[in-house]
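Undergrad: Please find coords-v4.csv (CSV, C-alpha atoms) on the next line:
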chain,number,residue,atom,x,y,z
Q,1,MET,CA,67.0,-39.0,-5.1
Q,2,ASN,CA,67.6,-41.9,-7.3
Q,3,HIS,CA,64.4,-41.8,-9.4
Q,4,ASN,CA,65.3,-44.8,-11.5
Q,5,THR,CA,64.7,-47.2,-8.6
Q,6,THR,CA,61.0,-47.0,-9.0
Q,7,GLY,CA,60.8,-46.7,-12.8
Q,8,ALA,CA,57.7,-45.5,-14.5
Q,9,SER,CA,56.0,-44.7,-11.3
Q,10,SER,CA,58.8,-42.3,-10.3
Q,11,THR,CA,58.8,-40.7,-13.7
Q,12,GLN,CA,55.1,-40.0,-13.4
Q,13,GLN,CA,55.6,-38.5,-9.9
Q,14,ILE,CA,58.5,-36.3,-10.9
Q,15,SER,CA,56.7,-34.9,-14.0
Q,16,GLN,CA,53.6,-34.3,-11.9
Q,17,ARG,CA,55.6,-32.4,-9.2
Q,18,VAL,CA,57.2,-30.3,-11.9
Q,19,LEU,CA,53.8,-29.5,-13.4
Q,20,GLU,CA,52.4,-28.5,-10.1
Q,21,LEU,CA,55.4,-26.2,-9.6
Q,22,LEU,CA,54.9,-24.5,-12.9
Q,23,TYR,CA,51.1,-24.2,-12.5
Q,24,ARG,CA,51.7,-22.1,-9.3
Q,25,HIS,CA,53.2,-19.4,-11.5
Q,26,ARG,CA,50.9,-19.8,-14.5
Q,27,ARG,CA,49.7,-16.7,-16.4
Q,28,VAL,CA,46.2,-17.3,-17.8
Q,29,ASP,CA,44.9,-15.1,-20.6
Q,30,GLU,CA,43.0,-12.3,-19.0
Q,31,SER,CA,40.7,-12.0,-22.1
Q,32,LEU,CA,39.1,-15.2,-21.0
Q,33,ALA,CA,37.5,-13.4,-18.0
Q,34,ALA,CA,34.2,-13.7,-19.7
Q,35,ASP,CA,34.5,-17.5,-19.8
Q,36,PRO,CA,32.4,-19.1,-17.1
Q,37,ASP,CA,35.4,-21.3,-16.2
Q,38,VAL,CA,37.6,-18.3,-15.5
Q,39,THR,CA,37.4,-15.6,-12.8
Q,40,ALA,CA,37.4,-11.9,-13.5
Q,41,ASP,CA,41.0,-11.5,-12.3
Q,42,GLY,CA,42.3,-13.9,-15.0
Q,43,GLY,CA,42.6,-16.9,-12.7
Q,44,GLU,CA,40.6,-20.1,-13.1
Q,45,ALA,CA,37.4,-20.4,-11.0
Q,46,PRO,CA,37.9,-22.4,-7.8
Q,47,GLU,CA,36.0,-25.4,-9.2
Q,48,LYS,CA,38.2,-25.3,-12.3
Q,49,GLN,CA,41.6,-25.1,-10.5
Q,50,GLN,CA,42.8,-28.4,-11.9
Q,51,PRO,CA,44.2,-27.9,-15.4
Q,52,CYS,CA,43.0,-29.8,-18.4
Q,53,ALA,CA,43.9,-33.4,-18.1
Q,54,ASP,CA,44.8,-33.8,-21.8
Q,55,CYS,CA,47.1,-30.7,-21.6
Q,56,SER,CA,48.8,-31.9,-18.5
Q,57,GLU,CA,49.3,-35.4,-19.9
Q,58,ALA,CA,51.0,-33.9,-23.0
Q,59,ARG,CA,53.4,-31.9,-20.8
Q,60,ARG,CA,54.1,-34.9,-18.6
Q,61,ALA,CA,55.0,-36.9,-21.7
Q,62,ARG,CA,57.5,-34.3,-22.8
Q,63,MET,CA,59.1,-34.3,-19.4
Q,64,ALA,CA,59.2,-38.1,-19.2
Q,65,ALA,CA,61.4,-38.1,-22.3
Q,66,PHE,CA,64.0,-36.3,-20.3
Q,67,ILE,CA,63.5,-38.1,-17.0
Q,68,GLU,CA,63.8,-41.5,-18.5
Q,69,ARG,CA,67.2,-40.6,-19.9
Q,70,ASP,CA,68.4,-38.9,-16.7
Q,71,LEU,CA,68.6,-35.6,-18.4
Q,72,PRO,CA,67.8,-32.1,-17.1
Q,73,ILE,CA,64.2,-31.2,-18.1
Q,74,HIS,CA,64.6,-28.6,-20.8
Q,75,PHE,CA,62.4,-25.5,-21.1
Q,76,VAL,CA,62.6,-22.8,-23.7
Q,77,VAL,CA,61.2,-19.3,-23.4
Q,78,PRO,CA,61.3,-16.6,-26.1
Q,79,ALA,CA,61.9,-13.5,-24.0
Q,80,PHE,CA,64.3,-10.8,-22.9
Q,81,PRO,CA,64.5,-9.0,-26.3
Q,82,ALA,CA,65.7,-5.5,-25.3
Q,83,LYS,CA,64.5,-2.6,-23.2
Q,84,SER,CA,61.6,-0.6,-24.6
Q,85,PRO,CA,62.8,2.5,-26.5
Q,86,ASN,CA,60.1,4.4,-24.5
Q,87,ARG,CA,62.1,6.0,-21.6
Q,88,SER,CA,59.0,6.9,-19.8
Q,89,LYS,CA,58.5,3.2,-19.1
Q,90,VAL,CA,62.1,2.0,-18.3
Q,91,LEU,CA,65.2,3.3,-16.8
Q,92,GLY,CA,67.6,2.8,-19.7
Q,93,ALA,CA,68.7,0.5,-22.5
Q,94,LEU,CA,70.5,-2.1,-20.4
Q,95,PRO,CA,69.2,-4.8,-18.0
Q,96,ASP,CA,68.5,-3.7,-14.5
Q,97,LEU,CA,67.0,-5.2,-11.3
Q,98,GLY,CA,63.9,-6.4,-13.3
Q,99,GLU,CA,66.0,-8.7,-15.5
Q,100,GLN,CA,68.1,-9.8,-12.6
Q,101,LEU,CA,65.0,-10.8,-10.5
Q,102,ALA,CA,63.3,-12.5,-13.5
Q,103,LEU,CA,66.4,-14.5,-14.5
Q,104,GLY,CA,66.9,-15.4,-10.9
Q,105,PHE,CA,63.3,-16.7,-10.8
Q,106,LEU,CA,63.9,-19.0,-13.7
Q,107,GLN,CA,67.1,-20.3,-12.0
Q,108,SER,CA,65.1,-20.9,-8.9
Q,109,LEU,CA,62.5,-23.0,-10.8
Q,110,CYS,CA,65.4,-25.2,-11.9
Q,111,ASP,CA,66.7,-25.3,-8.3
Q,112,TYR,CA,63.3,-26.4,-7.1
Q,113,VAL,CA,63.1,-29.2,-9.7
Q,114,GLN,CA,66.6,-30.4,-8.6
Q,115,HIS,CA,65.3,-30.8,-5.1
Q,116,PHE,CA,63.3,-33.9,-6.1
Q,117,TYR,CA,65.0,-34.8,-9.4
Q,118,ALA,CA,68.8,-34.8,-9.3
Q,119,PRO,CA,69.5,-33.8,-12.9
Q,120,GLY,CA,67.2,-30.8,-12.4
Q,121,ALA,CA,66.1,-28.6,-15.2
Q,122,ARG,CA,67.5,-26.0,-17.6
Q,123,VAL,CA,66.0,-23.0,-19.3
Q,124,THR,CA,67.1,-21.7,-22.7
Q,125,VAL,CA,66.2,-18.0,-23.0
Q,126,CYS,CA,65.6,-17.4,-26.7
Q,127,SER,CA,66.3,-13.7,-26.7
Q,128,ASP,CA,64.3,-12.3,-29.6
Q,129,GLY,CA,65.4,-8.6,-29.8
Q,130,HIS,CA,67.2,-9.0,-33.1
Q,131,VAL,CA,64.0,-10.7,-34.5
Q,132,PHE,CA,61.9,-7.5,-34.4
Q,133,GLY,CA,64.1,-4.7,-33.1
Q,134,ASP,CA,63.9,-2.9,-36.4
Q,135,VAL,CA,60.1,-2.8,-36.2
Q,136,VAL,CA,59.9,-1.5,-32.6
Q,137,GLY,CA,62.7,1.1,-33.0
Q,138,VAL,CA,65.6,-0.6,-31.3
Q,139,ALA,CA,68.8,-0.7,-33.3
Q,140,ASP,CA,70.8,-4.0,-33.6
Q,141,PRO,CA,73.8,-2.7,-31.7
Q,142,VAL,CA,71.5,-1.7,-28.8
Q,143,VAL,CA,70.0,-5.2,-28.8
Q,144,SER,CA,73.4,-6.8,-28.8
Q,145,ALA,CA,74.5,-4.7,-25.8
Q,146,TYR,CA,71.4,-5.7,-23.9
Q,147,ARG,CA,72.0,-9.4,-24.6
Q,148,ASP,CA,75.7,-9.2,-23.8
Q,149,SER,CA,74.8,-7.6,-20.5
Q,150,LEU,CA,72.3,-10.4,-19.8
Q,151,ARG,CA,75.0,-12.9,-20.4
Q,152,GLU,CA,77.3,-11.1,-18.0
Q,153,MET,CA,74.5,-11.0,-15.4
Q,154,ILE,CA,74.0,-14.8,-15.7
Q,155,GLU,CA,77.8,-15.5,-15.5
Q,156,ALA,CA,78.3,-13.1,-12.5
Q,157,ALA,CA,75.5,-14.7,-10.6
Q,158,ARG,CA,76.7,-18.2,-11.5
Q,159,TRP,CA,73.3,-19.4,-12.6
Q,160,PRO,CA,74.2,-22.8,-14.1
Q,161,SER,CA,70.8,-23.7,-15.5
Q,162,LEU,CA,70.3,-20.7,-17.8
Q,163,ASP,CA,71.6,-20.1,-21.3
Q,164,LEU,CA,70.9,-17.7,-24.1
Q,165,TYR,CA,70.0,-18.4,-27.7
Q,166,GLY,CA,69.5,-15.7,-30.4
Q,167,LEU,CA,69.1,-15.1,-34.1
Q,168,ASP,CA,72.9,-15.3,-34.6
Q,169,ASP,CA,73.0,-18.7,-32.9
Q,170,ALA,CA,70.3,-20.0,-35.2
Q,171,PHE,CA,71.8,-18.8,-38.5
Q,172,GLY,CA,75.5,-18.4,-37.6
Q,173,SER,CA,75.9,-14.8,-38.7
Q,174,VAL,CA,75.7,-11.3,-37.4
Q,175,ASP,CA,74.2,-9.9,-40.6
Q,176,TYR,CA,70.9,-9.3,-38.8
Q,177,PRO,CA,68.9,-7.8,-41.7
Q,178,LYS,CA,69.8,-10.8,-43.9
Q,179,MET,CA,68.9,-13.2,-41.1
Q,180,ARG,CA,65.5,-11.5,-40.6
Q,181,ARG,CA,64.8,-12.0,-44.3
Q,182,ILE,CA,65.7,-15.7,-44.0
Q,183,LEU,CA,63.5,-16.1,-40.9
Q,184,GLU,CA,60.6,-14.5,-42.7
Q,185,ASP,CA,61.1,-16.6,-45.9
Q,186,GLU,CA,61.4,-19.9,-44.0
Q,187,TYR,CA,59.2,-19.5,-41.0
Q,188,SER,CA,56.7,-16.7,-41.3
Q,189,SER,CA,53.0,-16.9,-42.2
Q,190,THR,CA,51.4,-14.1,-44.3
Q,191,LEU,CA,50.0,-10.9,-43.1
Q,192,GLU,CA,46.6,-11.8,-44.4
Q,193,GLU,CA,46.6,-15.0,-42.4
Q,194,LEU,CA,47.5,-13.1,-39.2
Q,195,LYS,CA,44.8,-10.5,-39.8
Q,196,ASP,CA,42.3,-13.2,-40.3
Q,197,ASN,CA,43.3,-14.9,-37.1
Q,198,VAL,CA,43.1,-11.6,-35.2
Q,199,ARG,CA,39.5,-11.1,-36.5
Q,200,THR,CA,38.3,-14.7,-35.8
Q,201,GLU,CA,40.3,-16.0,-32.8
Q,202,ARG,CA,40.0,-14.5,-29.4
Q,203,ASN,CA,43.5,-15.5,-28.3
Q,204,SER,CA,45.1,-13.9,-31.3
Q,205,ARG,CA,43.0,-10.8,-30.8
Q,206,ALA,CA,44.1,-10.6,-27.1
Q,207,LEU,CA,47.8,-10.9,-28.1
Q,208,PHE,CA,47.4,-8.3,-30.8
Q,209,ASN,CA,45.6,-5.8,-28.5
Q,210,GLY,CA,48.3,-6.2,-25.9
Q,211,ILE,CA,51.2,-5.7,-28.4
Q,212,HIS,CA,49.3,-2.8,-30.1
Q,213,ARG,CA,48.9,-1.0,-26.7
Q,214,PHE,CA,52.6,-1.2,-26.1
Q,215,MET,CA,53.4,0.0,-29.6
Q,216,PHE,CA,51.1,3.0,-29.3
Q,217,GLU,CA,52.4,4.0,-25.9
Q,218,ASP,CA,56.0,3.9,-27.3
Q,219,ALA,CA,55.0,5.8,-30.5
Q,220,VAL,CA,53.3,8.6,-28.5
Q,221,ALA,CA,56.4,8.9,-26.3
Q,222,ARG,CA,58.9,9.0,-29.2
Q,223,ARG,CA,56.9,10.9,-31.9
Q,224,GLY,CA,54.0,12.6,-30.0
Q,225,GLY,CA,54.9,16.0,-31.3
Q,226,GLU,CA,55.3,14.9,-34.9
Q,227,ALA,CA,52.0,13.2,-35.7
Q,228,SER,CA,48.4,13.0,-34.5
Q,229,ARG,CA,47.3,10.3,-32.2
Q,230,SER,CA,45.1,8.7,-34.9
Q,231,GLN,CA,48.1,8.5,-37.2
Q,232,LEU,CA,50.3,7.1,-34.5
Q,233,ARG,CA,47.6,4.5,-33.7
Q,234,LYS,CA,47.4,3.4,-37.3
Q,235,GLU,CA,51.2,3.2,-37.6
Q,236,SER,CA,51.5,1.3,-34.3
Q,237,LYS,CA,48.8,-1.1,-35.5
Q,238,ASP,CA,51.0,-1.9,-38.6
Q,239,SER,CA,54.0,-2.3,-36.3
Q,240,ALA,CA,52.1,-4.7,-34.0
Q,241,TYR,CA,51.2,-6.9,-36.9
Q,242,GLN,CA,54.8,-7.0,-38.1
Q,243,THR,CA,56.1,-7.7,-34.6
Q,244,ILE,CA,53.7,-10.6,-34.1
Q,245,LEU,CA,54.5,-12.0,-37.6
Q,246,ARG,CA,58.2,-12.0,-36.7
Q,247,SER,CA,57.6,-13.4,-33.2
Q,248,ASN,CA,55.5,-16.2,-34.6
Q,249,ALA,CA,58.2,-17.0,-37.1
Q,250,TRP,CA,60.8,-17.0,-34.2
Q,251,SER,CA,58.5,-19.3,-32.2
Q,252,ARG,CA,58.4,-21.8,-35.1
Q,253,LEU,CA,62.2,-21.6,-35.5
Q,254,VAL,CA,62.6,-22.3,-31.7
Q,255,SER,CA,60.2,-25.3,-32.0
Q,256,ASP,CA,62.3,-26.5,-35.0
Q,257,LYS,CA,65.6,-26.1,-33.1
Q,258,PHE,CA,64.4,-27.5,-29.8
Q,259,PRO,CA,61.7,-30.0,-30.7
Q,260,GLU,CA,61.7,-31.9,-27.4
Q,261,ALA,CA,61.7,-28.9,-25.0
Q,262,ILE,CA,58.7,-27.7,-23.0
Q,263,ARG,CA,57.5,-24.3,-24.2
Q,264,LEU,CA,57.1,-21.5,-21.7
Q,265,SER,CA,55.8,-18.0,-22.5
Q,266,ILE,CA,56.1,-14.7,-20.7
Q,267,HIS,CA,52.7,-13.7,-22.0
Q,268,PRO,CA,49.4,-14.9,-20.5
Q,269,GLN,CA,48.2,-18.0,-22.4
Q,270,PRO,CA,44.8,-19.6,-22.8
Q,271,PRO,CA,44.3,-22.7,-20.6
Q,272,HIS,CA,44.7,-25.1,-23.5
Q,273,SER,CA,47.7,-23.5,-25.2
Q,274,GLU,CA,50.7,-25.7,-25.9
Q,275,LYS,CA,52.7,-22.8,-24.4
Q,276,LEU,CA,52.6,-22.4,-20.6
Q,277,GLY,CA,52.4,-18.7,-19.6
Q,278,ILE,CA,54.7,-18.0,-16.6
Q,279,GLN,CA,54.7,-15.0,-14.3
Q,280,LEU,CA,58.3,-13.9,-14.0
Q,281,MET,CA,57.6,-11.2,-11.4
Q,282,SER,CA,54.8,-9.7,-9.4
Q,283,THR,CA,52.8,-7.1,-11.4
Q,284,ARG,CA,49.2,-5.9,-11.6
Q,285,ASP,CA,49.5,-5.7,-15.4
Q,286,GLY,CA,49.4,-9.2,-16.9
Q,287,TRP,CA,51.3,-8.0,-19.9
Q,288,LEU,CA,54.1,-6.0,-18.2
Q,289,THR,CA,57.6,-7.4,-18.3
Q,290,PRO,CA,61.0,-6.2,-17.0
Q,291,TRP,CA,61.9,-4.8,-20.4
Q,292,HIS,CA,58.7,-2.7,-20.5
Q,293,GLY,CA,58.8,-1.5,-16.9
Q,294,VAL,CA,60.8,-0.9,-13.7
Q,295,VAL,CA,61.1,-2.5,-10.3
Q,296,LEU,CA,59.5,-0.6,-7.5
Q,297,ASP,CA,60.6,-1.7,-4.0
Q,298,ASP,CA,58.1,-0.4,-1.4
Q,299,GLY,CA,60.0,-1.9,1.6
Q,300,VAL,CA,57.6,-4.9,1.7
Q,301,LYS,CA,57.7,-6.3,-1.8
Q,302,ARG,CA,59.2,-5.7,-5.2
Q,303,TYR,CA,57.0,-5.5,-8.2
Q,304,LEU,CA,56.9,-4.2,-11.8
Q,305,VAL,CA,55.4,-0.9,-12.7
Q,306,LYS,CA,55.9,1.6,-15.6
Q,307,ARG,CA,58.5,4.3,-14.8
Q,308,TRP,CA,55.9,7.0,-14.9
Q,309,ASP,CA,53.9,5.2,-12.2
Q,310,ALA,CA,57.0,5.1,-9.9
Q,311,GLU,CA,57.7,8.8,-10.6
Q,312,LYS,CA,54.1,9.7,-9.6
Q,313,LEU,CA,54.9,8.2,-6.2
Q,314,GLN,CA,58.0,10.4,-6.0
Q,315,ALA,CA,60.1,7.2,-5.8
Q,316,THR,CA,63.9,7.5,-5.7
Q,317,VAL,CA,66.1,5.9,-8.3
Q,318,VAL,CA,68.7,3.4,-6.9
Q,319,TRP,CA,71.9,3.0,-8.8
Q,320,ARG,CA,74.0,-0.2,-8.9
Q,321,GLY,CA,77.2,-0.8,-10.8
Q,322,GLY,CA,77.2,2.7,-12.2
Q,323,ARG,CA,73.8,2.6,-13.8
Q,324,PRO,CA,70.1,2.9,-12.6
Q,325,SER,CA,68.7,-0.3,-11.1
Q,326,HIS,CA,65.2,0.3,-9.7
Q,327,PHE,CA,63.0,2.6,-7.6
Q,328,VAL,CA,62.3,2.7,-3.9
Q,329,ALA,CA,59.3,4.3,-2.3
Q,330,PRO,CA,59.1,2.9,1.3
Q,331,HIS,CA,55.6,2.3,2.5
Q,332,LEU,CA,55.6,3.6,6.1
Q,333,PRO,CA,52.7,2.7,8.4
Q,334,ALA,CA,50.6,5.6,9.6
Q,335,GLY,CA,52.1,7.3,12.7
Q,336,SER,CA,55.5,5.8,12.1
Q,337,ARG,CA,57.0,9.3,11.5
For this file, write the structure as C-alpha cells.
TA:
Amino acid sequence: MNHNTTGASSTQQISQRVLELLYRHRRVDESLAADPDVTADGGEAPEKQQPCADCSEARRARMAAFIERDLPIHFVVPAFPAKSPNRSKVLGALPDLGEQLALGFLQSLCDYVQHFYAPGARVTVCSDGHVFGDVVGVADPVVSAYRDSLREMIEAARWPSLDLYGLDDAFGSVDYPKMRRILEDEYSSTLEELKDNVRTERNSRALFNGIHRFMFEDAVARRGGEASRSQLRKESKDSAYQTILRSNAWSRLVSDKFPEAIRLSIHPQPPHSEKLGIQLMSTRDGWLTPWHGVVLDDGVKRYLVKRWDAEKLQATVVWRGGRPSHFVAPHLPAGSR
C-alpha cells in the first residue's frame, strides 16, 4: 500500500486503523468498575465503547509523525523485568512459553500494522529488571540471564520488529547499583509525593494495591517461616513503594529517551491515561503477567495462571529445550473416556 498517494487522508486512516487494533487488546483499570461508564468486569459499558476523542486524537497525532515520514510506528513498553522469585508462582528464573507467547503477540501487532501500512511498526521492550531487582529480591546476574534469554528468544524466532532496551543501554555501564542511584537522582520523585498520590488518587492507589499484593505473596513464599504475616505485610508495603518509585523513574527516563514513541503498558490503565494498557495474554487476573505466572494449556486455549493454580489441577509440566516451559491439563468432554 502506497499511503503517500492520498496524503493527509491516508495518514488519518492508517492511524485510526492502528488505534482500533490496539483498542481491541486494551486493559482498562479494573478499579474503575464503580464508575458508571465502566462495567464490573473492567471493560467499558456498551454505550461508552468509543474511547475518549481527545485521547484518541493525541495518539493519532503521535502516529502521524511516523506515518508522514514513512517510518515504522514506534511503540515502547516497560516490561519483561525478570521472573518472580516466588517459585510457587513461576516455573523458574528464565523465560518460558509465557514470554514466548507475549513477545510473539507484540510481533503480531506489528505484522498486522504492516498489512495496511508498509513500514509497519516496531516495539522497544524496555526491560526494567535491573531498575528494581534489588528491591524485589532478584539479583542482577539473574536479571541479566533472563534478559539474555529474551534476546536469544527474539533472535531465534526472527522477530524483526522487537528490540530490547535496559538500564545499561541508558547509562552505558554494567555497574547496576551506581546506575540505580543515577536513575533515582535524575528521574525519581520523593517517597512523600508518592504516598500522597496513593492516598488521594484512585489510579495510583490501584497500582499500589496491585504491586503490594504481589510483594506480599512473594514475601510469604520466601520468608513465611521467619516473620509474622503482619510484619511481612508492612515490609512488602515498603517494597511496593520503592518498586513504584523506581518504575516511575524508569518511565520518565523512557519518555526522555524515546520522546516520540507511543507508550504502552502491561498494567491496566485508566481510560484517559497517556499510556495504553495492553493485554499480552489471556488471563482472568488483570494484573498477572508471564513473569508472575505460568501458561496453562487445557487443549482448547492457553492462558496465564499462577503455578499453584496449575498444580491444584494436577497439570503436567512440559519441558522444552531442557527447561520447564508450561503446564498442560487437557479438558476432556464428559463421556470421552
Undergrad: To one decimal in Å, tell me the separation between CA of Ala240 (chain Q) and CA of Arg87 (chain Q).
TA: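 Here the two named atoms are 19.2 Å from each other.
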Undergrad: Listing only residues of region 95-212 of chain Q within 12 Å of region 221-228 of chain Q, what is the closest atom pair and its distance in Å (to one decimal) for each, using all atoms listed in the file, sorted by chain and residue number ascending, as JSON lines?
TA:
{"residue": "Q:Val136", "atom": "CA", "partner": "Q:Arg222", "partner_atom": "CA", "distance": 11.1}
{"residue": "Q:Gly137", "atom": "CA", "partner": "Q:Arg222", "partner_atom": "CA", "distance": 9.6}
{"residue": "Q:Val138", "atom": "CA", "partner": "Q:Arg222", "partner_atom": "CA", "distance": 11.9}
Undergrad: Check the smallest atom-to-atom distance from each of Q:Arg246, Q:Lys301, Q:Lys195, Q:Arg233 to Leu183 (chain Q) using all atoms listed in the file, then report the winner.
TA: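 Ranked by minimum distance to Leu183 (chain Q), first place goes to Q:Arg246.
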Undergrad: Using all atoms listed in the file, collect all residues at a distance of at most 12 Å from (67.6, -26.6, -23.1) as written in the file, then present them as a PyMOL selection string.
TA: chain Q and resi 66+71-77+110+120-126+160-165+254-255+257-264
Undergrad: Write out, as a tab-separated table (two decimals), keeping the file's coordinate frame, the residues just selected, with C-alpha atoms.
TA:
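Output contents, as saved in result.tsv:
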chain	number	residue	atom	x	y	z
Q	66	PHE	CA	64.00	-36.30	-20.30
Q	71	LEU	CA	68.60	-35.60	-18.40
Q	72	PRO	CA	67.80	-32.10	-17.10
Q	73	ILE	CA	64.20	-31.20	-18.10
Q	74	HIS	CA	64.60	-28.60	-20.80
Q	75	PHE	CA	62.40	-25.50	-21.10
Q	76	VAL	CA	62.60	-22.80	-23.70
Q	77	VAL	CA	61.20	-19.30	-23.40
Q	110	CYS	CA	65.40	-25.20	-11.90
Q	120	GLY	CA	67.20	-30.80	-12.40
Q	121	ALA	CA	66.10	-28.60	-15.20
Q	122	ARG	CA	67.50	-26.00	-17.60
Q	123	VAL	CA	66.00	-23.00	-19.30
Q	124	THR	CA	67.10	-21.70	-22.70
Q	125	VAL	CA	66.20	-18.00	-23.00
Q	126	CYS	CA	65.60	-17.40	-26.70
Q	160	PRO	CA	74.20	-22.80	-14.10
Q	161	SER	CA	70.80	-23.70	-15.50
Q	162	LEU	CA	70.30	-20.70	-17.80
Q	163	ASP	CA	71.60	-20.10	-21.30
Q	164	LEU	CA	70.90	-17.70	-24.10
Q	165	TYR	CA	70.00	-18.40	-27.70
Q	254	VAL	CA	62.60	-22.30	-31.70
Q	255	SER	CA	60.20	-25.30	-32.00
Q	257	LYS	CA	65.60	-26.10	-33.10
Q	258	PHE	CA	64.40	-27.50	-29.80
Q	259	PRO	CA	61.70	-30.00	-30.70
Q	260	GLU	CA	61.70	-31.90	-27.40
Q	261	ALA	CA	61.70	-28.90	-25.00
Q	262	ILE	CA	58.70	-27.70	-23.00
Q	263	ARG	CA	57.50	-24.30	-24.20
Q	264	LEU	CA	57.10	-21.50	-21.70
Undergrad: Counting all atoms listed in the file, figure out which residue out of Q:Leu94, Q:Ala219, Q:Ile244, Q:Val135 gets nearest to Leu191 (chain Q).
TA: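 Among the listed residues, the smallest separation from Leu191 (chain Q) belongs to Q:Ile244.
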